[in-house]
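Pasting data-v2.csv here (CSV, C-alpha atoms and all ligand atoms):
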```csv
chain,number,residue,atom,x,y,z
A,24,MET,CA,0.0,0.0,0.0
A,25,ILE,CA,1.3,3.5,-0.8
A,26,TRP,CA,0.7,6.1,1.8
A,27,ARG,CA,0.3,9.7,0.7
A,28,ASP,CA,1.8,12.1,3.1
A,29,ASP,CA,-0.5,15.2,2.7
A,30,SER,CA,0.9,16.9,5.8
A,31,ALA,CA,4.1,17.7,3.9
A,32,LYS,CA,2.2,19.9,1.3
A,33,ASP,CA,1.7,23.6,1.7
A,34,PRO,CA,-1.9,24.5,2.6
A,35,PRO,CA,-3.9,25.3,-0.5
A,36,GLY,CA,-4.4,29.0,-1.3
A,37,ALA,CA,-7.8,30.5,-2.2
A,38,GLN,CA,-7.3,29.9,-5.9
A,39,ASP,CA,-6.6,26.2,-5.3
A,40,TRP,CA,-9.8,25.8,-3.3
A,41,GLU,CA,-11.7,27.5,-6.1
A,42,GLU,CA,-10.2,25.2,-8.6
A,43,GLN,CA,-11.0,22.1,-6.5
A,44,ARG,CA,-14.5,23.3,-6.1
A,45,ARG,CA,-14.9,23.9,-9.9
A,46,GLU,CA,-13.6,20.3,-10.5
A,47,MET,CA,-16.0,18.9,-7.9
A,48,VAL,CA,-18.9,20.6,-9.6
A,49,ARG,CA,-17.8,19.5,-13.0
A,50,TRP,CA,-17.0,15.9,-12.4
A,51,GLN,CA,-18.8,14.8,-9.3
A,52,LEU,CA,-22.0,16.7,-9.8
A,53,ARG,CA,-22.6,17.8,-13.4
A,54,GLY,CA,-20.9,14.7,-14.7
A,55,ARG,CA,-23.2,12.5,-12.7
A,56,GLY,CA,-26.5,14.1,-13.7
A,57,ILE,CA,-27.0,17.1,-11.4
A,58,HIS,CA,-28.4,19.8,-13.7
A,59,ASP,CA,-30.2,22.4,-11.6
A,60,GLU,CA,-28.0,25.5,-12.3
A,61,ARG,CA,-29.0,27.2,-9.0
A,62,VAL,CA,-27.8,24.1,-7.1
A,63,LEU,CA,-24.6,23.8,-9.1
A,64,GLY,CA,-24.0,27.6,-8.7
A,65,ALA,CA,-24.4,27.4,-4.9
A,66,MET,CA,-22.1,24.4,-4.6
A,67,GLY,CA,-19.6,26.3,-6.7
A,68,ARG,CA,-19.7,29.2,-4.3
A,69,VAL,CA,-20.0,27.8,-0.7
A,70,PRO,CA,-16.4,27.0,0.6
A,71,ARG,CA,-16.7,23.4,1.9
A,72,GLN,CA,-13.2,23.6,3.4
A,73,GLU,CA,-14.6,26.2,5.9
A,74,PHE,CA,-16.9,23.5,7.4
A,75,VAL,CA,-14.7,20.4,7.7
A,76,PRO,CA,-12.4,19.9,10.7
A,77,ALA,CA,-8.9,21.4,10.2
A,78,SER,CA,-7.2,18.0,10.1
A,79,LEU,CA,-9.3,16.9,7.1
A,80,ARG,CA,-9.3,20.2,5.2
A,81,HIS,CA,-7.1,18.8,2.4
A,82,ARG,CA,-9.9,16.3,1.7
A,83,SER,CA,-12.7,18.9,1.6
A,84,TYR,CA,-13.5,18.2,-2.1
A,85,ASP,CA,-13.1,14.4,-2.0
A,86,ASP,CA,-15.9,12.4,-3.5
A,87,SER,CA,-17.0,11.0,-0.1
A,88,PRO,CA,-18.5,11.9,3.3
A,89,LEU,CA,-16.1,13.1,6.0
A,90,PRO,CA,-16.2,12.9,9.8
A,91,ILE,CA,-17.1,16.1,11.6
A,92,GLY,CA,-16.7,14.9,15.2
A,93,ARG,CA,-19.0,13.2,17.7
A,94,GLY,CA,-19.4,10.3,15.3
A,95,GLN,CA,-21.2,12.4,12.7
A,96,THR,CA,-20.4,13.1,9.1
A,97,ILE,CA,-20.8,15.7,6.4
A,98,SER,CA,-22.4,14.0,3.4
A,99,GLN,CA,-20.7,13.3,0.1
A,100,PRO,CA,-21.1,16.4,-2.2
A,101,LEU,CA,-23.2,14.3,-4.7
A,102,MET,CA,-25.7,13.4,-2.0
A,103,VAL,CA,-26.0,17.0,-0.8
A,104,ALA,CA,-26.5,18.1,-4.4
A,105,THR,CA,-29.1,15.4,-5.0
A,106,MET,CA,-31.1,16.3,-2.0
A,107,LEU,CA,-31.0,20.0,-2.9
A,108,GLU,CA,-32.0,19.3,-6.5
A,109,GLU,CA,-34.9,17.1,-5.4
A,110,LEU,CA,-36.1,19.8,-3.0
A,111,GLY,CA,-36.7,22.0,-6.1
A,112,LEU,CA,-36.2,25.4,-4.4
A,113,GLN,CA,-36.8,28.6,-6.4
A,114,GLY,CA,-35.7,31.2,-3.9
A,115,HIS,CA,-38.8,32.4,-2.0
A,116,GLU,CA,-39.1,29.5,0.4
A,117,ARG,CA,-38.7,29.0,4.1
A,118,VAL,CA,-37.0,25.7,4.8
A,119,LEU,CA,-36.3,23.5,7.8
A,120,GLU,CA,-33.1,21.3,7.9
A,121,VAL,CA,-33.0,18.6,10.5
A,122,GLY,CA,-29.4,17.7,11.4
A,123,ALA,CA,-27.3,20.9,10.9
A,124,GLY,CA,-24.0,19.1,11.6
A,125,CYS,CA,-21.2,21.5,10.7
A,126,GLY,CA,-23.6,23.8,8.8
A,127,TYR,CA,-22.5,23.1,5.2
A,128,GLN,CA,-25.8,22.0,3.8
A,129,ALA,CA,-27.6,24.8,5.8
A,130,ALA,CA,-25.2,27.3,4.1
A,131,LEU,CA,-26.2,26.0,0.7
A,132,LEU,CA,-29.9,26.1,1.6
A,133,GLY,CA,-29.3,29.7,2.7
A,134,GLU,CA,-28.1,30.4,-0.9
A,135,LEU,CA,-31.1,28.7,-2.5
A,136,CYS,CA,-34.0,30.1,-0.5
A,137,ARG,CA,-35.2,32.9,1.7
A,138,GLU,CA,-35.0,31.6,5.2
A,139,VAL,CA,-33.5,28.5,6.8
A,140,TYR,CA,-34.0,27.0,10.2
A,141,ALA,CA,-31.4,24.3,10.9
A,142,ILE,CA,-31.9,22.2,14.0
A,143,GLU,CA,-29.2,20.1,15.6
A,144,ILE,CA,-29.3,17.8,18.7
A,145,ILE,CA,-25.6,17.8,19.7
A,146,PRO,CA,-24.7,21.1,21.4
A,147,GLU,CA,-21.1,21.2,20.2
A,148,LEU,CA,-22.1,20.7,16.6
A,149,ALA,CA,-24.9,23.3,16.8
A,150,GLU,CA,-22.3,25.7,18.1
A,151,MET,CA,-19.9,24.8,15.3
A,152,ALA,CA,-22.6,25.3,12.7
A,153,ARG,CA,-23.6,28.6,14.2
A,154,THR,CA,-19.9,29.8,14.2
A,155,ASN,CA,-19.2,28.7,10.7
A,156,LEU,CA,-22.4,30.3,9.3
A,157,ALA,CA,-21.8,33.6,11.1
A,158,ARG,CA,-18.2,33.7,10.0
A,159,LEU,CA,-19.3,33.3,6.4
A,160,GLY,CA,-22.1,35.8,6.7
A,161,HIS,CA,-25.1,33.5,6.2
A,162,ALA,CA,-27.6,35.8,7.9
A,163,ASN,CA,-30.7,34.1,6.7
A,164,VAL,CA,-29.8,30.8,8.4
A,165,GLU,CA,-30.8,30.3,12.1
A,166,VAL,CA,-29.3,27.3,14.0
A,167,VAL,CA,-31.5,25.9,16.7
A,168,LEU,CA,-30.4,23.4,19.4
A,169,GLY,CA,-33.0,20.7,19.9
A,170,ASP,CA,-34.6,17.4,18.8
A,171,GLY,CA,-35.5,17.9,15.1
A,172,SER,CA,-37.2,14.5,14.9
A,173,ALA,CA,-40.2,16.4,16.2
A,174,GLY,CA,-39.5,19.2,13.7
A,175,TYR,CA,-39.4,22.8,14.8
A,176,PRO,CA,-43.1,23.8,15.3
A,177,ALA,CA,-42.2,27.4,16.3
A,178,LYS,CA,-41.6,28.4,12.7
A,179,ALA,CA,-43.9,26.0,10.9
A,180,PRO,CA,-45.3,25.5,8.3
A,181,TYR,CA,-42.3,25.1,6.0
A,182,ASP,CA,-42.1,25.2,2.2
A,183,GLY,CA,-39.6,22.3,2.4
A,184,ILE,CA,-38.0,20.1,5.0
A,185,ILE,CA,-34.8,18.2,4.5
A,186,VAL,CA,-33.5,15.6,7.0
A,187,ALA,CA,-29.8,14.8,6.9
A,188,ALA,CA,-30.1,11.7,9.2
A,189,ALA,CA,-31.7,8.3,8.7
A,190,ALA,CA,-35.1,7.6,10.2
A,191,PRO,CA,-36.7,4.2,10.8
A,192,HIS,CA,-40.0,5.7,9.5
A,193,VAL,CA,-41.3,9.1,8.5
A,194,PRO,CA,-41.9,11.2,11.7
A,195,ALA,CA,-45.5,12.4,11.7
A,196,PRO,CA,-44.6,15.8,13.2
A,197,LEU,CA,-42.5,16.6,10.1
A,198,VAL,CA,-45.3,15.9,7.7
A,199,GLU,CA,-47.6,18.0,9.9
A,200,GLN,CA,-45.2,21.0,9.6
A,201,LEU,CA,-45.2,21.0,5.8
A,202,ALA,CA,-47.2,23.6,3.9
A,203,PRO,CA,-49.7,22.1,1.4
A,204,GLY,CA,-47.8,20.7,-1.6
A,205,ALA,CA,-44.4,21.1,0.1
A,206,PRO,CA,-41.8,18.3,0.0
A,207,LEU,CA,-40.1,16.5,2.8
A,208,LEU,CA,-36.8,14.8,1.9
A,209,ILE,CA,-35.8,12.0,4.2
A,210,PRO,CA,-33.7,8.9,4.2
A,211,VAL,CA,-35.8,6.0,5.6
A,212,GLY,CA,-34.7,2.5,6.5
A,213,ALA,CA,-32.3,0.5,8.6
A,214,TRP,CA,-29.2,2.0,10.2
A,215,TRP,CA,-26.8,0.6,7.5
A,216,SER,CA,-28.8,1.5,4.4
A,217,GLN,CA,-31.8,3.6,3.5
A,218,VAL,CA,-33.9,4.9,0.6
A,219,LEU,CA,-34.2,8.7,0.1
A,220,GLN,CA,-37.9,9.5,0.1
A,221,ARG,CA,-39.8,12.5,-1.0
A,222,VAL,CA,-43.1,12.9,0.9
A,223,ARG,CA,-45.5,15.6,-0.2
A,224,ARG,CA,-48.4,16.8,1.8
A,225,ARG,CA,-51.6,17.3,-0.3
A,226,SER,CA,-54.0,20.1,0.6
A,227,ASP,CA,-56.5,17.5,1.9
A,228,GLY,CA,-53.9,16.3,4.4
A,229,SER,CA,-53.1,13.0,2.7
A,230,THR,CA,-49.5,12.3,1.6
A,231,GLU,CA,-47.8,11.1,-1.6
A,232,THR,CA,-44.4,9.3,-1.3
A,233,GLU,CA,-41.7,8.8,-4.0
A,234,LYS,CA,-38.7,6.7,-3.5
A,235,LEU,CA,-35.6,8.4,-5.0
A,236,VAL,CA,-32.2,6.7,-4.5
A,237,GLY,CA,-30.4,4.4,-2.1
A,238,CYS,CA,-28.2,6.1,0.6
A,239,ALA,CA,-26.5,5.7,3.9
A,240,PHE,CA,-26.9,8.4,6.6
A,241,VAL,CA,-26.0,8.5,10.3
A,242,PRO,CA,-29.1,7.8,12.4
A,243,LEU,CA,-31.8,10.3,13.3
A,244,VAL,CA,-32.0,10.0,17.1
A,245,GLY,CA,-34.6,11.6,19.4
A,246,GLU,CA,-38.3,11.1,20.1
A,247,HIS,CA,-39.4,10.2,16.6
A,248,GLY,CA,-36.1,8.7,15.4
A,249,ILE,CA,-34.2,5.6,16.4
A,250,PRO,CA,-34.9,5.1,20.1
B,301,LIG,N1,-26.2,18.4,7.2
B,301,LIG,C1,-25.0,18.2,7.9
B,301,LIG,C2,-24.6,16.8,8.1
B,301,LIG,C3,-25.5,16.1,9.0
B,301,LIG,S1,-24.9,14.6,9.8
B,301,LIG,C4,-23.8,19.0,7.3
B,301,LIG,O1,-23.9,19.6,6.3
B,301,LIG,O2,-22.8,19.0,8.0
B,301,LIG,C5,-26.4,14.4,10.6
B,301,LIG,C6,-26.7,15.3,11.8
B,301,LIG,O3,-27.9,15.0,12.3
B,301,LIG,C7,-25.7,15.1,12.9
B,301,LIG,O4,-25.0,16.2,13.2
B,301,LIG,C8,-26.6,14.6,14.1
B,301,LIG,O5,-26.1,15.0,15.3
B,301,LIG,C9,-27.9,15.2,13.7
B,301,LIG,N2,-29.1,14.6,14.3
B,301,LIG,C10,-29.4,13.3,14.5
B,301,LIG,N3,-30.6,13.2,15.1
B,301,LIG,C11,-31.1,14.5,15.2
B,301,LIG,C12,-32.3,15.0,15.8
B,301,LIG,N4,-33.2,14.2,16.3
B,301,LIG,N5,-32.4,16.3,15.8
B,301,LIG,C13,-31.5,17.2,15.3
B,301,LIG,N6,-30.3,16.7,14.8
B,301,LIG,C14,-30.1,15.4,14.7
```

Starting from the file, give its structure as structure tokens.
Ligand code: SAH
Amino acid sequence: MIWRDDSAKDPPGAQDWEEQRREMVRWQLRGRGIHDERVLGAMGRVPRQEFVPASLRHRSYDDSPLPIGRGQTISQPLMVATMLEELGLQGHERVLEVGAGCGYQAALLGELCREVYAIEIIPELAEMARTNLARLGHANVEVVLGDGSAGYPAKAPYDGIIVAAAAPHVPAPLVEQLAPGAPLLIPVGAWWSQVLQRVRRRSDGSTETEKLVGCAFVPLVGEHGIP
């Protein structure tokens, strides 16, 4: 096995990061079928290296998830882009993200819609997300500490809800907090593999569910998650 000693390299400058981000958009996203120009544009702007832990910065634009501490991960760029594209945002929406983690996806949501509430259950991560988002000037994103498996009723209804952790079933409170016609994107299944589902709430209160792609997320804990 060949070990690559990345620690010996100089830290990348701003131009290198931009170049890496352009390559990510080109090969990992556009090259694999992501076509929403707003999503591609946002992913080309938000600096992923500002969200990953310092020791892993050199891997910020890898085609993989990365650990962010406390056993949690920032998703693979392609999975983030897929979820954002399937949410179909146009710009005027108010959105809830469950599982803020380091705040990367929340920052992207902030670029794509009007107002974002990002709820996180682990205090250190909520603090990290808040710090990262403030440093980068994402003033339309509010990080909330709490159990997002029950949603965030204080600001409901939402024009979209995106869950970045895997649930054993679709939590009823999340569906109840959707505006009529709005989508909920959520990975549903066992802890080792799930299917990304899009649930829409019709105006008569009934729901419509589409199964999108296979995925593997860390578990959604809390009252309506994995016990
Ligand atoms: N979107 C994040 C990655 C999320 S990883 C990013 O861009 O970095 C999944 C996150 O969901 C973890 O931080 C985990 O702590 C959080 N989580 C799990 N269960 C939760 C719950 N019930 N409420 C809020 N956050 C939860």

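Using all atoms listed in the file, the nearest neighbour of Ala195 of chain A within the list A:Pro76, A:Gly174, A:Gly133, A:Gly92 is A:Gly174.
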
Could the residues that lie within 7 Å of ligand LIG 301 (chain B), counting all atoms listed in the file, be listed as a ChimeraX atom specification? /A:95-98,121-129,142-145,148,169-172,187-188,241-245,248

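Proximity to His247 of chain A was assessed for A:Leu132, A:Leu63, A:Val218, A:Leu197 counting all atoms listed in the file; the smallest distance is recorded for A:Leu197.
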
What is the atom CA of Pro210 of chain A-atom CA of Val222 of chain A distance in Å, reported with one decimal? 10.7 Å

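With only C-alpha atoms as the atoms that count, the residue of A:Ala189, A:Gly67, A:Gly36, A:Glu116 with the shortest distance to Leu208 of chain A is A:Ala189.
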
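Proximity of A:Gly111, A:Gly228, A:Pro146, A:Gly160 to Asp182 of chain A, computed with all atoms listed in the file, is greatest for A:Gly111.
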
What is the distance, in Å and to one decimal place, between atom CA of Gly56 of chain A and atom CA of Val103 of chain A? 13.2 Å

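Distances from A:Cys136, A:Met151, A:Met106, A:Ala37 to Phe74 of chain A were compared using only C-alpha atoms, and the smallest one belongs to A:Met151.
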
Mind checking which residues fall within 6 Å of Arg223 of chain A, counting all atoms listed in the file, ignoring those fewer than 5 positions away in the same chain, and posting them as a ChimeraX atom specification? /A:204-206,230-231

What does the file look like for those residues with C-alpha atoms, as an mmCIF file, keeping the file's coordinate frame?
```cif
data_model
loop_
_atom_site.group_PDB
_atom_site.id
_atom_site.type_symbol
_atom_site.label_atom_id
_atom_site.label_comp_id
_atom_site.auth_asym_id
_atom_site.auth_seq_id
_atom_site.Cartn_x
_atom_site.Cartn_y
_atom_site.Cartn_z
ATOM 1 C CA GLY A 204 -47.800 20.700 -1.600
ATOM 2 C CA ALA A 205 -44.400 21.100 0.100
ATOM 3 C CA PRO A 206 -41.800 18.300 0.000
ATOM 4 C CA THR A 230 -49.500 12.300 1.600
ATOM 5 C CA GLU A 231 -47.800 11.100 -1.600
#
```

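The coordinates place atom CA of Asn155 of chain A at 27.1 Å from atom CA of Gln200 of chain A.
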
Please list as a ChimeraX atom specification every residue within 8 Å of Gln217 of chain A, counting only C-alpha atoms and excluding residues in the same chain fewer than 3 positions away. /A:189,210-214,237-240

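Nearest to Leu135 of chain A of all the residues A:His161, A:His192, A:Arg49, A:Lys178 is A:His161, counting only C-alpha atoms.
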
Shell of 9 Å around Arg71 of chain A, only C-alpha atoms, local chain residues under 4 positions omitted, as number ranges by chain: A: 40, 44, 66, 75, 80, 83-84, 127

Contacts of Ile57 of chain A at 12 Å (all atoms listed in the file; same-chain gap of 5+ positions) as a JSON list (two decimals) with C-alpha atoms, keeping the file's coordinate frame:
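Output (selection.json):
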```
[["chain", "number", "residue", "atom", "x", "y", "z"],
["A", 47, "MET", "CA", -16.00, 18.90, -7.90],
["A", 48, "VAL", "CA", -18.90, 20.60, -9.60],
["A", 49, "ARG", "CA", -17.80, 19.50, -13.00],
["A", 50, "TRP", "CA", -17.00, 15.90, -12.40],
["A", 51, "GLN", "CA", -18.80, 14.80, -9.30],
["A", 52, "LEU", "CA", -22.00, 16.70, -9.80],
["A", 62, "VAL", "CA", -27.80, 24.10, -7.10],
["A", 63, "LEU", "CA", -24.60, 23.80, -9.10],
["A", 64, "GLY", "CA", -24.00, 27.60, -8.70],
["A", 66, "MET", "CA", -22.10, 24.40, -4.60],
["A", 100, "PRO", "CA", -21.10, 16.40, -2.20],
["A", 101, "LEU", "CA", -23.20, 14.30, -4.70],
["A", 102, "MET", "CA", -25.70, 13.40, -2.00],
["A", 103, "VAL", "CA", -26.00, 17.00, -0.80],
["A", 104, "ALA", "CA", -26.50, 18.10, -4.40],
["A", 105, "THR", "CA", -29.10, 15.40, -5.00],
["A", 106, "MET", "CA", -31.10, 16.30, -2.00],
["A", 107, "LEU", "CA", -31.00, 20.00, -2.90],
["A", 108, "GLU", "CA", -32.00, 19.30, -6.50],
["A", 109, "GLU", "CA", -34.90, 17.10, -5.40]]
```

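Residues with any atom within 6 Å of Leu119 of chain A, counting all atoms listed in the file and excluding same-chain neighbours fewer than 3 positions away, are Val139, Tyr140, Ala141 and Ile184 of chain A.
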
May I have the residues from that selection written out with C-alpha atoms, as a short mmCIF file (atom, residue, chain, number, x, y, z; two decimals), keeping the file's coordinate frame?
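The resulting file, result-v9.cif, is reproduced below:
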```cif
data_model
loop_
_atom_site.label_atom_id
_atom_site.label_comp_id
_atom_site.auth_asym_id
_atom_site.auth_seq_id
_atom_site.Cartn_x
_atom_site.Cartn_y
_atom_site.Cartn_z
CA VAL A 139 -33.50 28.50 6.80
CA TYR A 140 -34.00 27.00 10.20
CA ALA A 141 -31.40 24.30 10.90
CA ILE A 184 -38.00 20.10 5.00
#
```
